[in-house]
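Structure first, commentary second.
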Amino acid sequence: AQSVSQHNHHVILSEAASLELGCNYSYGGTVNLFWYVQYPGQHLQLLLKYFSGDPLVKGIKGFEAEFIKSKFSFNLRKPSVQWSDTAEYFCAVTKGGGADGLTFGKGTHLIIQP
Amino acid sequence: NAGVMQNPRHLVRRRGQEARLRCSPMKGHSHVYWYRQLPEEGLKFMVYLQKENIIDESGMPKERFSAEFPKEGPSILRIQQVVRGDSAAYFCASSPGGSGSYEQYFGPGTRLTVT
């Protein structure tokens, strides 16, 4: 069974700082990779996804992620964060080629200080 | 186009009662997933359903939990004889299905409290 590790459970940054949230998965086959965000009081929203092709994926709100197959990683980045990026961020994976349920990491709570 | 709907948003049950959680997928979506989020933990997959079929229930507890997605109407997650450990947020997601359509769209969740 696959698993997902998010290394940083709590991250505090100042506005305009650069962001990188780590995500590693364990599964030897083809995978689909996702980052979801949950703003305070709201439901999960899809930030970006990787299915195949260009390993550098651009999502909404200026976020991007890079799939590095050799490192089993899918780290999330943003060059300059805003106060409104304060939220919980979840990395998730499914096996490629199917519509399986998502396996989630435990999440990273990001706080942006104005 | 309305998103995934879940109701109720908050549900309080006494130990031993039954809890029924409902999920209406997005229009045109035929795949439904249920997840549970316990305090201080990430979301855990429970069950994956298509209309009238359970496709994968590998994440469902073996007892007291059941799910259905009938031909008509919402998907139902049913928890019989609830215990305090069932207190959690339960999220439903839906996807269109079909080749390449792997994105899951989440509802707002139902927060179950067992007293």
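Order determines the names: the first chain of the structure tokens is A, the second B, and so forth; residues in each chain are numbered 1 upward, and ligands are numbered 1 upward as they are shown.
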Neighbour list for Val83 of chain B as a compact mmCIF listing (two decimals) with C-alpha atoms, in the first residue's frame, cut-off 12 Å, only C-alpha atoms, skip fewer than 6 positions in-chain:
```txt
# COMPACT_ATOMS: atom_id res chain seq x y z
CA VAL B 12 -24.58 15.01 17.50
CA ARG B 13 -25.41 11.49 18.56
CA ARG B 14 -25.41 9.67 21.89
CA ARG B 15 -23.46 6.46 22.23
CA GLY B 16 -25.43 3.55 20.77
CA GLN B 17 -27.47 5.65 18.33
CA GLU B 18 -27.22 5.52 14.55
CA ALA B 19 -25.66 8.22 12.39
CA GLU B 63 -18.26 -3.56 11.89
CA ARG B 64 -21.01 -0.94 12.29
CA PHE B 65 -20.09 1.03 9.14
CA LEU B 112 -19.99 13.99 13.94
CA THR B 113 -19.84 14.33 17.70
CA VAL B 114 -20.69 11.34 19.87
CA THR B 115 -21.59 12.17 23.44
```
Using 10 Å as the limit and counting only C-alpha atoms, can you tabulate each residue of chain B that touches chain A, with its shortest atom-to-atom distance in Å and the two atoms involved, as a tab-separated table?
```
residue	atom	partner	partner_atom	distance
B:His31	CA	A:Ala99	CA	8.7
B:Val32	CA	A:Gly101	CA	9.5
B:Tyr33	CA	A:Gly101	CA	6.8
B:Trp34	CA	A:Gly101	CA	8.5
B:Tyr35	CA	A:Gly101	CA	8.7
B:Gln37	CA	A:Lys106	CA	9.7
B:Glu40	CA	A:Lys106	CA	8.0
B:Glu41	CA	A:Lys106	CA	5.6
B:Gly42	CA	A:Lys106	CA	4.0
B:Leu43	CA	A:Phe104	CA	6.0
B:Lys44	CA	A:Phe104	CA	6.9
B:Phe45	CA	A:Gly101	CA	6.0
B:Met46	CA	A:Gly101	CA	8.0
B:Val47	CA	A:Gly101	CA	7.5
B:Tyr48	CA	A:Gly101	CA	6.5
B:Leu49	CA	A:Gly101	CA	10.0
B:Ile55	CA	A:Asp100	CA	9.0
B:Asp56	CA	A:Asp100	CA	7.9
B:Glu57	CA	A:Gly101	CA	9.6
B:Ser58	CA	A:Gly101	CA	9.7
B:Gly59	CA	A:Gly101	CA	9.2
B:Phe91	CA	A:His43	CA	8.8
B:Ala93	CA	A:Leu44	CA	9.5
B:Ser95	CA	A:Ala99	CA	8.7
B:Pro96	CA	A:Ala99	CA	9.9
B:Gly97	CA	A:Ala99	CA	7.2
B:Gly98	CA	A:Ala99	CA	8.5
B:Ser99	CA	A:Gly97	CA	8.0
B:Gly100	CA	A:Gly97	CA	7.7
B:Ser101	CA	A:Ala99	CA	7.9
B:Tyr102	CA	A:Ala99	CA	5.8
B:Glu103	CA	A:Lys49	CA	8.2
B:Gln104	CA	A:Leu46	CA	8.2
B:Tyr105	CA	A:Gln45	CA	7.2
B:Phe106	CA	A:Leu44	CA	5.8
B:Gly107	CA	A:His43	CA	6.2
B:Pro108	CA	A:His43	CA	4.6
B:Gly109	CA	A:His43	CA	7.2
```
So that I can check the secondary structure, give me every residue of chain B assigned strand (DSSP E) by backbone DSSP, as a PyMOL selection string. chain B and resi 5-7+10-13+19-24+31-37+43-50+53-56+65-68+75-79+88-95+105-106+110-114
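Across the model, the gap from atom CA of Val81 of chain A to atom CA of His9 of chain A is 17.5 Å.
If you measure from each of A:Lys95, A:Lys71, A:His7, A:Lys58 to Trp35 of chain A using only C-alpha atoms, the closest one turns out to be A:Lys58.
For the residues B:Met26, B:Leu38, B:Leu21, B:Cys92, ranking by smallest atom-to-atom distance to Ile79 of chain B using only C-alpha atoms places B:Leu21 first.
Proximity to segment 66-68 of chain A at 9 Å, evaluated using only C-alpha atoms and with sequence-adjacent residues fewer than 2 positions away removed, yields Leu33, Tyr50, Asp54, Pro55, Leu56, Val57, Lys58, Glu64, Ser70, Lys71, Phe72, Ser73, Phe74, Asn75, Leu76 and Arg77 of chain A.
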Just the selected residues (N, CA, C and O atoms), exported as an mmCIF file, in the first residue's frame, please.
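Final file, out-v9.cif:
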```
data_model
loop_
_atom_site.group_PDB
_atom_site.id
_atom_site.type_symbol
_atom_site.label_atom_id
_atom_site.label_comp_id
_atom_site.auth_asym_id
_atom_site.auth_seq_id
_atom_site.Cartn_x
_atom_site.Cartn_y
_atom_site.Cartn_z
ATOM 1 N N LEU A 33 -0.521 12.484 -8.541
ATOM 2 C CA LEU A 33 -0.155 13.259 -7.361
ATOM 3 C C LEU A 33 -0.962 14.543 -7.284
ATOM 4 O O LEU A 33 -1.243 15.162 -8.306
ATOM 5 N N TYR A 50 -0.688 16.234 -10.789
ATOM 6 C CA TYR A 50 0.215 15.672 -11.780
ATOM 7 C C TYR A 50 -0.301 14.289 -12.164
ATOM 8 O O TYR A 50 -0.481 13.420 -11.298
ATOM 9 N N ASP A 54 4.979 16.890 -18.339
ATOM 10 C CA ASP A 54 5.913 17.836 -17.718
ATOM 11 C C ASP A 54 5.867 17.691 -16.198
ATOM 12 O O ASP A 54 4.814 17.856 -15.591
ATOM 13 N N PRO A 55 7.021 17.377 -15.572
ATOM 14 C CA PRO A 55 7.013 17.166 -14.119
ATOM 15 C C PRO A 55 6.847 18.451 -13.310
ATOM 16 O O PRO A 55 6.613 18.388 -12.108
ATOM 17 N N LEU A 56 6.969 19.601 -13.947
ATOM 18 C CA LEU A 56 6.735 20.865 -13.258
ATOM 19 C C LEU A 56 5.298 21.287 -13.540
ATOM 20 O O LEU A 56 4.933 21.580 -14.681
ATOM 21 N N VAL A 57 4.518 21.305 -12.487
ATOM 22 C CA VAL A 57 3.086 21.535 -12.637
ATOM 23 C C VAL A 57 2.725 22.881 -12.021
ATOM 24 O O VAL A 57 3.144 23.184 -10.897
ATOM 25 N N LYS A 58 1.959 23.655 -12.738
ATOM 26 C CA LYS A 58 1.498 24.936 -12.207
ATOM 27 C C LYS A 58 0.034 24.827 -11.813
ATOM 28 O O LYS A 58 -0.775 24.242 -12.531
ATOM 29 N N GLU A 64 3.107 26.039 -7.525
ATOM 30 C CA GLU A 64 3.624 25.049 -8.454
ATOM 31 C C GLU A 64 4.215 23.888 -7.667
ATOM 32 O O GLU A 64 4.490 24.002 -6.465
ATOM 33 N N SER A 70 12.798 10.057 -9.166
ATOM 34 C CA SER A 70 13.918 9.367 -8.517
ATOM 35 C C SER A 70 13.925 9.578 -7.008
ATOM 36 O O SER A 70 14.491 8.778 -6.262
ATOM 37 N N LYS A 71 13.307 10.664 -6.567
ATOM 38 C CA LYS A 71 13.247 10.969 -5.140
ATOM 39 C C LYS A 71 11.864 10.681 -4.545
ATOM 40 O O LYS A 71 11.648 10.931 -3.362
ATOM 41 N N PHE A 72 10.945 10.191 -5.346
ATOM 42 C CA PHE A 72 9.571 9.946 -4.895
ATOM 43 C C PHE A 72 9.003 11.200 -4.210
ATOM 44 O O PHE A 72 8.379 11.111 -3.152
ATOM 45 N N SER A 73 9.256 12.345 -4.815
ATOM 46 C CA SER A 73 8.849 13.592 -4.166
ATOM 47 C C SER A 73 7.945 14.423 -5.063
ATOM 48 O O SER A 73 7.973 14.306 -6.296
ATOM 49 N N PHE A 74 7.159 15.273 -4.424
ATOM 50 C CA PHE A 74 6.234 16.171 -5.125
ATOM 51 C C PHE A 74 6.083 17.408 -4.249
ATOM 52 O O PHE A 74 5.043 17.661 -3.660
ATOM 53 N N ASN A 75 7.135 18.203 -4.171
ATOM 54 C CA ASN A 75 7.158 19.354 -3.271
ATOM 55 C C ASN A 75 6.385 20.533 -3.841
ATOM 56 O O ASN A 75 6.437 20.815 -5.043
ATOM 57 N N LEU A 76 5.711 21.229 -2.963
ATOM 58 C CA LEU A 76 4.907 22.396 -3.337
ATOM 59 C C LEU A 76 5.715 23.664 -3.113
ATOM 60 O O LEU A 76 6.381 23.803 -2.079
ATOM 61 N N ARG A 77 5.627 24.598 -4.058
ATOM 62 C CA ARG A 77 6.400 25.841 -3.944
ATOM 63 C C ARG A 77 5.544 27.043 -4.319
ATOM 64 O O ARG A 77 4.583 26.935 -5.094
#
```
Mind checking which residues fall within 8 Å of Tyr27 of chain A, counting only C-alpha atoms, ignoring those fewer than 6 positions away in the same chain, and posting them as JSON, numbers by chain? {"A": [1, 2, 3]}
Using backbone DSSP assignments, extract all helix (DSSP H, G or I) residues from chain A; output them as JSON, numbers by chain. {"A": [60, 61, 62, 69, 70, 71, 83, 84, 85]}
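One finds atom CA of Ser66 of chain B at 19.4 Å from atom CA of His10 of chain B.
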Work out how far atom CA of Leu11 of chain B is from atom CA of Lys62 of chain B, in Å to one decimal. 22.4 Å
